[in-house]
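*Asks:* Mind having a look at this structure? Questions to follow.
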Amino acid sequence: MSLPAGVRPATILAQADGTIDEATGGLVPSLQPSTTFLRDPDNHYRRGFDYGRDANPVVREVEAVVAALEGGRAALAFASGMAAATAVLRSLPPGSHLLAPKVMYWGLRKWLREAAARGLVAVDFVALDDLDAVRAALRPGTTKLLWAETPANPTWVVADLSALAELARAAGAILAVDNTVPTPLLTRPLELGADLVVHSATKYLNGHSDLLAGLVVGPGEGELWERLRTLRHDEGAILGAFEAWLLLRGMRTLEVRLQRQCGSAMHLAAALERHPRIERVLYPGLPTHRGHTLAARQMRGGFGGMLSILVRGGAEAAIATAARVDLWKRATSLGGVESLIEHRASIEGPDSPAPPGLLRLSVGLEDPSDLLADLERALDRAR
Ligand SMILES: *Cc1c(COP(=O)(O)O)cnc(C)c1O
């Protein structure tokens with residue numbers, strides 16, 4: 001069952017795209033963990049399920065919700081964001097040339113470096129907010145894919161997706177966008193011309209820091225899509241049924257969570273920008289941010305729940321500040337209900353674009369005044 005055409009994202013989310021349990025009328029879909037499904041006497045599988053590595057009813061429901069949110073024809077759910085992202089990259093012909101951002105999720109940057117060293121892909125890293133540099137780095141007829149992330153971890157560089165889609169198309173490449181940070185509530189890359197959208201649903205979509213999941217949203221047909229589907233099946237990268245069930249539940253509250261997170265992040269960014277111990281606040285919602293004008297045009301309804309602060313005194317002062325918070329949790333990841341603080345340069349290593357004094361903040365659902373007071377206290381104590 002699905003919802004009337006044209007309903008808005010909050011409605012799709014709250015009602016999990018209208019999913020009910022057909023057998024009982026339960027408003028919550030049942031969790032079907034079976035790895036194998038009964039074949040009809042004439043050897044067909046008319047119910048549409050044969051083996052758990054291919055599909056699962058709850059996994060399909062998750063895919064329907066995310067495809068509807070992104071305005072895509074279809075989605076494929078994977079066991080993690082990295083499983084989804086690497087499946088896209090490995091669906092390209094071996095040795096394909098691709099372009100990736102200089103500032104991006106570091107786990108994927110590390111994977112790209114290693115894949116390039118092994119000859120799996122050829123990759124150039126480029127500043128996505130410099131369209132001339134992107135144009136110069138694209139090799140028409142050779143570059144197969146342009147990878148984008150916006151706002152990008154951990155300095156929140158904003159990339160113009162419509163312009164990138166145009167450049168990619170002119171060079172014969174596809175544009176794939178990691179939409180984990182804004183979520184489809186703030187940015188819908190397919191409407192801006194992207195070919196594929198990738199998610200770590202581990203983050204905002206689920207929002208409760210209790211499962212790993214990833215998705216690719218796209219055309220649902222064509223050579224690349226079929227390769228992706230085959231790869232997920234053959235390599236066993238599909239999302240587990242229990243994780244899918246939890247994710248469906250987590251997504252129901254995405255709209256209210258994200259609204260609160262955007263509001264609190266804006267509040268914190270504005271207040272922290274005036275703090276004497278802070279050199280700079282990086283948040284696309286601040287007019288002082290390099291990508292603000294573009295973000296205001298491209299992002300709808302908020303600038304996201306992620307920001308970074310540059311603490312005066314570099315790495316030592318930043319680590320000392322993170323050591324003195326009581327409320328914020330010192331932990332990696334983002335997009336959960338609890339606020340997280342992290343010194344990115346120590347995680348990302350020497351080739352990180354994160355300045356040494358940078359602390360990345362993932363704003364949760366706590367009262368923003370409590371969050372601000374805790375950080376201010378930590379900044380003072382770290383002096
Ligand atoms: C976490 C993250 C990923 C990787 O996702 P996992 O679910 O941890 O595998 C990819 N992109 C971004 C932007 C992320 O934050």
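In the structure tokens, the first chain shown is A, the next is B, and so on; residue numbers restart at 1 for each chain, and ligands run from 1 in the order shown.
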So that I can check the surroundings of Leu108 (chain A), please list as a PyMOL selection string every protein, DNA and RNA residue that reaches within 8 Å of it, counting only C-alpha atoms and ignoring chain neighbours fewer than 2 positions away.
*Replies:* chain A and resi 82+85-86+104-106+110-112
*Asks:* Convert the current residue selection to file output with all heavy atoms, as a tab-separated table (two decimals), in the first residue's frame.
*Replies:*
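Below you can see again-v3.tsv, which holds the result:
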```
chain	number	residue	atom	x	y	z
A	82	MET	N	29.32	2.66	3.49
A	82	MET	CA	30.51	2.31	2.71
A	82	MET	C	30.22	1.18	1.72
A	82	MET	O	30.75	1.19	0.61
A	82	MET	CB	31.66	1.93	3.65
A	82	MET	CG	32.41	3.12	4.22
A	82	MET	SD	33.18	4.18	2.94
A	82	MET	CE	34.58	3.16	2.48
A	85	ALA	N	28.47	2.98	-1.14
A	85	ALA	CA	29.37	3.85	-1.91
A	85	ALA	C	30.36	3.03	-2.74
A	85	ALA	O	30.57	3.31	-3.93
A	85	ALA	CB	30.13	4.79	-0.97
A	86	THR	N	30.96	2.02	-2.12
A	86	THR	CA	31.97	1.24	-2.85
A	86	THR	C	31.31	0.38	-3.93
A	86	THR	O	31.92	0.11	-4.97
A	86	THR	CB	32.83	0.38	-1.90
A	86	THR	OG1	31.96	-0.47	-1.15
A	86	THR	CG2	33.64	1.24	-0.96
A	104	MET	N	36.00	15.40	1.74
A	104	MET	CA	34.92	14.42	1.66
A	104	MET	C	35.02	13.48	2.86
A	104	MET	O	36.00	13.51	3.60
A	104	MET	CB	35.02	13.60	0.37
A	104	MET	CG	36.21	12.64	0.35
A	104	MET	SD	36.45	11.76	-1.22
A	104	MET	CE	34.97	10.77	-1.33
A	105	TYR	N	34.01	12.62	3.00
A	105	TYR	CA	34.02	11.61	4.06
A	105	TYR	C	35.34	10.85	3.98
A	105	TYR	O	35.64	10.22	2.96
A	105	TYR	CB	32.83	10.68	3.91
A	105	TYR	CG	32.89	9.52	4.85
A	105	TYR	CD1	32.81	9.72	6.23
A	105	TYR	CD2	33.06	8.23	4.39
A	105	TYR	CE1	32.90	8.67	7.10
A	105	TYR	CE2	33.14	7.16	5.27
A	105	TYR	CZ	33.07	7.39	6.62
A	105	TYR	OH	33.17	6.35	7.48
A	106	TRP	N	36.13	10.89	5.06
A	106	TRP	CA	37.53	10.42	4.98
A	106	TRP	C	37.61	8.91	4.71
A	106	TRP	O	38.56	8.45	4.06
A	106	TRP	CB	38.28	10.78	6.26
A	106	TRP	CG	38.04	9.81	7.36
A	106	TRP	CD1	36.90	9.72	8.11
A	106	TRP	CD2	38.91	8.77	7.81
A	106	TRP	NE1	37.03	8.70	9.00
A	106	TRP	CE2	38.25	8.10	8.84
A	106	TRP	CE3	40.19	8.36	7.44
A	106	TRP	CZ2	38.81	7.02	9.50
A	106	TRP	CZ3	40.75	7.28	8.11
A	106	TRP	CH2	40.07	6.62	9.12
A	110	LYS	N	39.97	7.36	1.84
A	110	LYS	CA	40.99	6.33	2.11
A	110	LYS	C	40.77	5.14	1.17
A	110	LYS	O	41.72	4.62	0.58
A	110	LYS	CB	40.85	5.91	3.58
A	110	LYS	CG	41.67	4.71	4.00
A	110	LYS	CD	41.45	4.44	5.49
A	110	LYS	CE	42.16	3.18	5.96
A	110	LYS	NZ	41.54	1.96	5.44
A	111	TRP	N	39.52	4.72	1.02
A	111	TRP	CA	39.22	3.59	0.13
A	111	TRP	C	39.66	3.92	-1.30
A	111	TRP	O	40.27	3.08	-1.98
A	111	TRP	CB	37.72	3.27	0.17
A	111	TRP	CG	37.37	2.06	-0.63
A	111	TRP	CD1	37.32	0.76	-0.20
A	111	TRP	CD2	37.03	2.03	-2.04
A	111	TRP	NE1	36.97	-0.07	-1.23
A	111	TRP	CE2	36.80	0.67	-2.37
A	111	TRP	CE3	36.92	3.00	-3.03
A	111	TRP	CZ2	36.44	0.28	-3.67
A	111	TRP	CZ3	36.59	2.60	-4.32
A	111	TRP	CH2	36.35	1.25	-4.63
A	112	LEU	N	39.37	5.15	-1.75
A	112	LEU	CA	39.72	5.56	-3.11
A	112	LEU	C	41.22	5.53	-3.33
A	112	LEU	O	41.70	5.06	-4.36
A	112	LEU	CB	39.18	6.97	-3.40
A	112	LEU	CG	37.70	7.06	-3.74
A	112	LEU	CD1	37.22	8.51	-3.68
A	112	LEU	CD2	37.43	6.48	-5.13
```
*Asks:* Step by step, measure atom-to-atom distances between ligand 1 and each residue using only C-alpha atoms and all ligand atoms, keep those at most 10 Å, then write them as a PyMOL selection string.
*Replies:* chain A and resi 78-86+104-109+148-154+177-182+198-204+211-215+332-335
*Asks:* Keeping only N, CA and C atoms, write the selected residues as a compact mmCIF listing (two decimals), in the first residue's frame.
*Replies:*
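Written output follows (selection.txt):
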```txt
# COMPACT_ATOMS: atom_id res chain seq x y z
N PHE A 78 21.92 -1.27 1.37
CA PHE A 78 23.16 -2.01 1.63
C PHE A 78 23.42 -2.08 3.13
N ALA A 79 24.38 -2.94 3.48
CA ALA A 79 24.69 -3.19 4.89
C ALA A 79 25.35 -2.01 5.60
N SER A 80 25.86 -1.03 4.84
CA SER A 80 26.44 0.18 5.44
C SER A 80 26.55 1.23 4.35
N GLY A 81 26.85 2.46 4.75
CA GLY A 81 27.07 3.51 3.77
C GLY A 81 28.27 3.20 2.89
N MET A 82 29.32 2.66 3.49
CA MET A 82 30.51 2.31 2.71
C MET A 82 30.22 1.18 1.72
N ALA A 83 29.39 0.22 2.13
CA ALA A 83 29.04 -0.86 1.20
C ALA A 83 28.29 -0.27 0.00
N ALA A 84 27.43 0.72 0.24
CA ALA A 84 26.68 1.36 -0.84
C ALA A 84 27.62 2.16 -1.75
N ALA A 85 28.47 2.98 -1.14
CA ALA A 85 29.37 3.85 -1.91
C ALA A 85 30.36 3.03 -2.74
N THR A 86 30.96 2.02 -2.12
CA THR A 86 31.97 1.24 -2.85
C THR A 86 31.31 0.38 -3.93
N MET A 104 36.00 15.40 1.74
CA MET A 104 34.92 14.42 1.66
C MET A 104 35.02 13.48 2.86
N TYR A 105 34.01 12.62 3.00
CA TYR A 105 34.02 11.61 4.06
C TYR A 105 35.34 10.85 3.98
N TRP A 106 36.13 10.89 5.06
CA TRP A 106 37.53 10.42 4.98
C TRP A 106 37.61 8.91 4.71
N GLY A 107 36.62 8.13 5.17
CA GLY A 107 36.66 6.68 4.97
C GLY A 107 36.63 6.33 3.50
N LEU A 108 35.85 7.09 2.74
CA LEU A 108 35.77 6.83 1.31
C LEU A 108 37.01 7.36 0.58
N ARG A 109 37.54 8.48 1.09
CA ARG A 109 38.78 9.00 0.50
C ARG A 109 39.90 7.97 0.66
N ALA A 148 30.34 13.69 -5.49
CA ALA A 148 30.18 14.94 -4.75
C ALA A 148 29.61 14.69 -3.37
N GLU A 149 29.93 15.60 -2.48
CA GLU A 149 29.37 15.57 -1.13
C GLU A 149 29.19 17.03 -0.74
N THR A 150 28.02 17.39 -0.24
CA THR A 150 27.78 18.80 0.13
C THR A 150 26.65 18.92 1.15
N PRO A 151 26.86 19.67 2.25
CA PRO A 151 28.11 20.24 2.72
C PRO A 151 29.06 19.10 3.12
N ALA A 152 30.36 19.29 2.81
CA ALA A 152 31.30 18.18 2.94
C ALA A 152 32.08 18.22 4.24
N ASN A 153 32.14 17.11 4.85
CA ASN A 153 32.90 16.77 6.03
C ASN A 153 34.38 17.11 5.92
N PRO A 154 35.05 17.71 6.85
CA PRO A 154 34.52 18.29 8.09
C PRO A 154 34.54 19.81 8.09
N VAL A 177 26.08 11.62 -5.80
CA VAL A 177 26.14 12.54 -4.67
C VAL A 177 25.91 11.79 -3.35
N ASP A 178 26.85 11.96 -2.44
CA ASP A 178 26.68 11.45 -1.07
C ASP A 178 25.80 12.47 -0.34
N ASN A 179 24.55 12.08 -0.09
CA ASN A 179 23.57 13.02 0.47
C ASN A 179 23.32 12.76 1.96
N THR A 180 24.28 12.11 2.61
CA THR A 180 24.14 11.73 4.02
C THR A 180 23.89 12.93 4.93
N VAL A 181 24.65 14.00 4.73
CA VAL A 181 24.61 15.12 5.68
C VAL A 181 23.36 15.99 5.53
N PRO A 182 22.97 16.41 4.32
CA PRO A 182 21.75 17.24 4.25
C PRO A 182 20.47 16.41 4.34
N VAL A 198 23.76 8.58 -2.88
CA VAL A 198 24.24 7.57 -1.94
C VAL A 198 24.02 8.07 -0.52
N HIS A 199 23.65 7.15 0.37
CA HIS A 199 23.44 7.51 1.77
C HIS A 199 24.16 6.58 2.71
N SER A 200 24.68 7.15 3.79
CA SER A 200 24.92 6.36 4.98
C SER A 200 23.67 6.58 5.83
N ALA A 201 22.78 5.58 5.85
CA ALA A 201 21.55 5.69 6.65
C ALA A 201 21.84 5.46 8.12
N THR A 202 23.10 5.11 8.40
CA THR A 202 23.60 5.00 9.78
C THR A 202 23.44 6.33 10.51
N LYS A 203 23.43 7.41 9.74
CA LYS A 203 23.48 8.75 10.33
C LYS A 203 22.07 9.32 10.51
N TYR A 204 21.72 10.39 9.78
CA TYR A 204 20.44 11.06 10.04
C TYR A 204 19.22 10.18 9.76
N LEU A 211 22.33 1.30 14.34
CA LEU A 211 22.47 0.37 13.22
C LEU A 211 23.35 0.98 12.13
N LEU A 212 23.91 0.09 11.30
CA LEU A 212 24.65 0.51 10.10
C LEU A 212 23.76 0.22 8.89
N ALA A 213 23.67 1.17 7.97
CA ALA A 213 22.90 0.93 6.75
C ALA A 213 23.32 1.92 5.68
N GLY A 214 23.14 1.54 4.42
CA GLY A 214 23.46 2.44 3.32
C GLY A 214 22.44 2.27 2.21
N LEU A 215 22.33 3.27 1.34
CA LEU A 215 21.41 3.18 0.21
C LEU A 215 22.00 3.84 -1.02
N THR A 332 32.91 9.27 17.36
CA THR A 332 32.81 9.51 15.93
C THR A 332 31.36 9.31 15.49
N SER A 333 31.10 9.51 14.21
CA SER A 333 29.77 9.41 13.61
C SER A 333 28.99 10.71 13.77
N LEU A 334 27.78 10.71 13.28
CA LEU A 334 26.98 11.94 13.26
C LEU A 334 25.50 11.61 13.03
N GLY A 335 24.67 12.62 13.26
CA GLY A 335 23.26 12.49 12.90
C GLY A 335 22.38 11.79 13.93
```
*Asks:* Step one, run DSSP on the backbone; step two, keep only residues of region 155-188 of chain A assigned to strand (DSSP E or B); then write them as an NGL selection string.
*Replies:* :A and (157 or 174-178)
*Asks:* Name the closest residue to Arg312 (chain A) among the candidates A:Asp380, A:Glu223, A:Asp40, A:Asp17; distances are taken between atoms, counting only C-alpha atoms.
*Replies:*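 With only C-alpha atoms as the atom set, the closest residue is A:Asp380.
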*Asks:* Just want the 9 Å neighbourhood of Asp54 (chain A), counted on only C-alpha atoms, with same-chain residues fewer than 6 positions away dropped. Output as a ChimeraX atom specification.
*Replies:* /A:229-230,232-234,236,238
*Asks:* Looking at only C-alpha atoms, which of A:Ile347, A:Ala171, A:Cys262, A:Leu196 is the one that sits closest to Trp225 (chain A)?
*Replies:*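 Once distances to Trp225 (chain A) are computed over only C-alpha atoms, the minimum belongs to A:Leu196.
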*Asks:* Taking 6 positions as the minimum chain separation for residues in the same chain, which residues sit within 7 Å of region 192-195 of chain A when counting only C-alpha atoms? Answer as a ChimeraX atom specification.
*Replies:* /A:161-162,165,174-177,218
*Asks:* Take the selection from the previous step and output its residues with all heavy atoms, as a short mmCIF file (atom, residue, chain, number, x, y, z; two decimals), in the first residue's frame.
*Replies:*
```
data_model
loop_
_atom_site.label_atom_id
_atom_site.label_comp_id
_atom_site.auth_asym_id
_atom_site.auth_seq_id
_atom_site.Cartn_x
_atom_site.Cartn_y
_atom_site.Cartn_z
N LEU A 161 25.46 21.61 -7.02
CA LEU A 161 25.14 20.33 -7.66
C LEU A 161 24.63 20.50 -9.09
O LEU A 161 24.96 19.69 -9.96
CB LEU A 161 24.15 19.54 -6.81
CG LEU A 161 24.68 19.09 -5.44
CD1 LEU A 161 23.61 18.30 -4.68
CD2 LEU A 161 25.95 18.24 -5.57
N SER A 162 23.83 21.53 -9.35
CA SER A 162 23.33 21.73 -10.72
C SER A 162 24.50 21.98 -11.67
O SER A 162 24.56 21.41 -12.77
CB SER A 162 22.40 22.93 -10.82
OG SER A 162 21.38 22.83 -9.88
N ALA A 165 26.45 18.79 -12.20
CA ALA A 165 25.73 17.85 -13.06
C ALA A 165 25.93 18.22 -14.52
O ALA A 165 26.13 17.37 -15.38
CB ALA A 165 24.25 17.84 -12.70
N ILE A 174 28.93 10.48 -15.12
CA ILE A 174 27.75 10.59 -14.29
C ILE A 174 28.13 11.29 -12.98
O ILE A 174 29.29 11.30 -12.57
CB ILE A 174 27.09 9.22 -13.98
CG1 ILE A 174 28.04 8.30 -13.21
CG2 ILE A 174 26.61 8.54 -15.25
CD1 ILE A 174 27.33 7.08 -12.62
N LEU A 175 27.10 11.89 -12.36
CA LEU A 175 27.31 12.56 -11.07
C LEU A 175 26.66 11.72 -9.97
O LEU A 175 25.45 11.46 -10.02
CB LEU A 175 26.71 13.96 -11.09
CG LEU A 175 26.73 14.72 -9.75
CD1 LEU A 175 28.16 15.03 -9.31
CD2 LEU A 175 25.93 16.03 -9.84
N ALA A 176 27.46 11.30 -8.99
CA ALA A 176 26.94 10.58 -7.82
C ALA A 176 27.12 11.48 -6.61
O ALA A 176 28.20 12.06 -6.42
CB ALA A 176 27.68 9.27 -7.63
N VAL A 177 26.08 11.62 -5.80
CA VAL A 177 26.14 12.54 -4.67
C VAL A 177 25.91 11.79 -3.35
O VAL A 177 24.90 11.09 -3.19
CB VAL A 177 25.07 13.66 -4.82
CG1 VAL A 177 25.12 14.61 -3.63
CG2 VAL A 177 25.29 14.43 -6.11
N GLY A 218 18.51 5.66 -7.55
CA GLY A 218 18.80 5.96 -8.95
C GLY A 218 17.68 5.56 -9.88
O GLY A 218 16.53 5.43 -9.47
#
```
*Asks:* Could you pull out all residues of region 130-329 of chain A with a DSSP call of helix (DSSP H, G or I) and give them as a PyMOL selection string?
*Replies:* chain A and resi 131-137+161-170+183-186+189-192+223-235+241-251+254-272+292-298+314-323
*Asks:* Rounded to one decimal, what separation in Å do you get between CA of Ser209 (chain A) and CA of Gly336 (chain A)?
*Replies:* 5.5 Å
*Asks:* Suppose you want the space between CA of Gly250 (chain A) and CA of Val66 (chain A); what is it in Å?
*Replies:* 12.4 Å
*Asks:* Mind giving me the straight-line distance from CA of Ala74 (chain A) to CA of Pro101 (chain A) in Å, one decimal?
*Replies:* 25.8 Å
*Asks:* Using only C-alpha atoms, which protein or nucleic acid residues come within 12 Å of Thr293 (chain A)? Drop anything in the same chain fewer than 5 positions from it, and give the result as a PDB file with N, CA, C and O atoms, in the first residue's frame.
*Replies:*
```pdb
ATOM      1  N   VAL A 157      32.340  22.396   3.092  1.00  0.00           N
ATOM      2  CA  VAL A 157      32.445  23.011   1.762  1.00  0.00           C
ATOM      3  C   VAL A 157      31.118  22.756   1.046  1.00  0.00           C
ATOM      4  O   VAL A 157      30.598  21.636   1.071  1.00  0.00           O
ATOM      5  N   VAL A 158      30.571  23.793   0.401  1.00  0.00           N
ATOM      6  CA  VAL A 158      29.301  23.642  -0.298  1.00  0.00           C
ATOM      7  C   VAL A 158      29.577  23.547  -1.799  1.00  0.00           C
ATOM      8  O   VAL A 158      30.331  24.347  -2.347  1.00  0.00           O
ATOM      9  N   ALA A 159      28.993  22.537  -2.444  1.00  0.00           N
ATOM     10  CA  ALA A 159      29.198  22.349  -3.885  1.00  0.00           C
ATOM     11  C   ALA A 159      27.890  22.613  -4.622  1.00  0.00           C
ATOM     12  O   ALA A 159      26.813  22.258  -4.144  1.00  0.00           O
ATOM     13  N   ASP A 160      28.008  23.221  -5.808  1.00  0.00           N
ATOM     14  CA  ASP A 160      26.850  23.568  -6.624  1.00  0.00           C
ATOM     15  C   ASP A 160      26.464  22.341  -7.467  1.00  0.00           C
ATOM     16  O   ASP A 160      27.059  22.075  -8.520  1.00  0.00           O
ATOM     17  N   PRO A 284      27.461  26.249   7.212  1.00  0.00           N
ATOM     18  CA  PRO A 284      26.926  26.880   5.990  1.00  0.00           C
ATOM     19  C   PRO A 284      25.808  27.880   6.265  1.00  0.00           C
ATOM     20  O   PRO A 284      25.513  28.723   5.410  1.00  0.00           O
ATOM     21  N   GLY A 285      25.213  27.828   7.447  1.00  0.00           N
ATOM     22  CA  GLY A 285      24.140  28.768   7.783  1.00  0.00           C
ATOM     23  C   GLY A 285      24.651  30.141   8.175  1.00  0.00           C
ATOM     24  O   GLY A 285      23.878  31.100   8.250  1.00  0.00           O
ATOM     25  N   LEU A 286      25.943  30.269   8.437  1.00  0.00           N
ATOM     26  CA  LEU A 286      26.499  31.572   8.830  1.00  0.00           C
ATOM     27  C   LEU A 286      26.880  32.376   7.590  1.00  0.00           C
ATOM     28  O   LEU A 286      27.546  31.849   6.694  1.00  0.00           O
ATOM     29  N   PRO A 287      26.483  33.649   7.537  1.00  0.00           N
ATOM     30  CA  PRO A 287      26.852  34.482   6.378  1.00  0.00           C
ATOM     31  C   PRO A 287      28.360  34.554   6.178  1.00  0.00           C
ATOM     32  O   PRO A 287      28.822  34.832   5.066  1.00  0.00           O
ATOM     33  N   THR A 288      29.155  34.285   7.216  1.00  0.00           N
ATOM     34  CA  THR A 288      30.619  34.319   7.089  1.00  0.00           C
ATOM     35  C   THR A 288      31.162  33.061   6.404  1.00  0.00           C
ATOM     36  O   THR A 288      32.337  32.998   6.064  1.00  0.00           O
ATOM     37  N   GLN A 298      20.575  26.316  -2.429  1.00  0.00           N
ATOM     38  CA  GLN A 298      20.473  24.889  -2.728  1.00  0.00           C
ATOM     39  C   GLN A 298      19.805  24.073  -1.627  1.00  0.00           C
ATOM     40  O   GLN A 298      19.153  23.074  -1.900  1.00  0.00           O
ATOM     41  N   MET A 299      19.971  24.495  -0.369  1.00  0.00           N
ATOM     42  CA  MET A 299      19.418  23.732   0.744  1.00  0.00           C
ATOM     43  C   MET A 299      18.067  24.339   1.119  1.00  0.00           C
ATOM     44  O   MET A 299      17.943  25.544   1.260  1.00  0.00           O
ATOM     45  N   PHE A 303      20.214  24.386   7.288  1.00  0.00           N
ATOM     46  CA  PHE A 303      21.603  24.217   6.848  1.00  0.00           C
ATOM     47  C   PHE A 303      22.245  22.981   7.470  1.00  0.00           C
ATOM     48  O   PHE A 303      23.447  22.809   7.417  1.00  0.00           O
TER      49      PHE A 303
END
```
*Asks:* Residues near Ala5 (chain A), anyone? I mean within 12 Å using only C-alpha atoms, not counting same-chain ones fewer than 3 positions away, as a list in words.
*Replies:*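 Here the answer would be Ser2, Arg8, Pro9, Thr11, Ile12, Asp17, Gly18, Ala68 and Gly71 of chain A.
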*Asks:* Deliver the residues from the most recent selection as a file, using all heavy atoms, as an mmCIF file, in the first residue's frame.
*Replies:*
```cif
data_model
loop_
_atom_site.group_PDB
_atom_site.id
_atom_site.type_symbol
_atom_site.label_atom_id
_atom_site.label_comp_id
_atom_site.auth_asym_id
_atom_site.auth_seq_id
_atom_site.Cartn_x
_atom_site.Cartn_y
_atom_site.Cartn_z
ATOM 1 N N SER A 2 0.475 2.254 -0.753
ATOM 2 C CA SER A 2 1.271 3.472 -0.633
ATOM 3 C C SER A 2 0.369 4.694 -0.523
ATOM 4 O O SER A 2 -0.843 4.609 -0.629
ATOM 5 C CB SER A 2 2.287 3.586 -1.771
ATOM 6 O OG SER A 2 1.603 3.729 -2.976
ATOM 7 N N ARG A 8 3.888 15.212 0.905
ATOM 8 C CA ARG A 8 5.206 15.782 1.178
ATOM 9 C C ARG A 8 6.078 14.842 2.034
ATOM 10 O O ARG A 8 5.558 13.905 2.635
ATOM 11 C CB ARG A 8 5.034 17.130 1.861
ATOM 12 C CG ARG A 8 4.490 18.128 0.874
ATOM 13 C CD ARG A 8 4.056 19.410 1.509
ATOM 14 N NE ARG A 8 3.286 20.177 0.545
ATOM 15 C CZ ARG A 8 3.818 20.917 -0.427
ATOM 16 N NH1 ARG A 8 5.124 21.013 -0.555
ATOM 17 N NH2 ARG A 8 3.045 21.565 -1.268
ATOM 18 N N PRO A 9 7.388 15.141 2.062
ATOM 19 C CA PRO A 9 8.323 14.231 2.739
ATOM 20 C C PRO A 9 7.941 13.868 4.184
ATOM 21 O O PRO A 9 8.062 12.705 4.566
ATOM 22 C CB PRO A 9 9.644 14.997 2.695
ATOM 23 C CG PRO A 9 9.537 15.829 1.458
ATOM 24 C CD PRO A 9 8.094 16.206 1.337
ATOM 25 N N THR A 11 5.157 13.517 5.489
ATOM 26 C CA THR A 11 4.064 12.546 5.455
ATOM 27 C C THR A 11 4.575 11.166 5.051
ATOM 28 O O THR A 11 4.224 10.155 5.669
ATOM 29 C CB THR A 11 2.980 13.036 4.464
ATOM 30 O OG1 THR A 11 2.646 14.379 4.809
ATOM 31 C CG2 THR A 11 1.744 12.166 4.511
ATOM 32 N N ILE A 12 5.423 11.143 4.034
ATOM 33 C CA ILE A 12 6.032 9.867 3.609
ATOM 34 C C ILE A 12 6.765 9.234 4.781
ATOM 35 O O ILE A 12 6.646 8.035 5.046
ATOM 36 C CB ILE A 12 7.024 10.104 2.442
ATOM 37 C CG1 ILE A 12 6.285 10.650 1.213
ATOM 38 C CG2 ILE A 12 7.795 8.827 2.110
ATOM 39 C CD1 ILE A 12 7.192 11.138 0.107
ATOM 40 N N ASP A 17 5.807 5.584 4.063
ATOM 41 C CA ASP A 17 5.271 5.451 2.701
ATOM 42 C C ASP A 17 3.957 4.663 2.671
ATOM 43 O O ASP A 17 3.612 4.037 1.667
ATOM 44 C CB ASP A 17 6.317 4.784 1.781
ATOM 45 C CG ASP A 17 6.009 5.016 0.297
ATOM 46 O OD1 ASP A 17 5.487 6.087 -0.039
ATOM 47 O OD2 ASP A 17 6.274 4.114 -0.513
ATOM 48 N N GLY A 18 3.230 4.664 3.790
ATOM 49 C CA GLY A 18 1.914 4.018 3.807
ATOM 50 C C GLY A 18 1.948 2.524 4.077
ATOM 51 O O GLY A 18 0.929 1.845 3.955
ATOM 52 N N ALA A 68 11.216 7.403 -2.587
ATOM 53 C CA ALA A 68 10.171 8.438 -2.639
ATOM 54 C C ALA A 68 10.709 9.770 -2.120
ATOM 55 O O ALA A 68 10.449 10.828 -2.696
ATOM 56 C CB ALA A 68 8.953 7.998 -1.822
ATOM 57 N N GLY A 71 12.937 11.346 -4.633
ATOM 58 C CA GLY A 71 12.359 11.543 -5.954
ATOM 59 C C GLY A 71 13.035 10.655 -6.999
ATOM 60 O O GLY A 71 13.123 11.014 -8.174
#
```
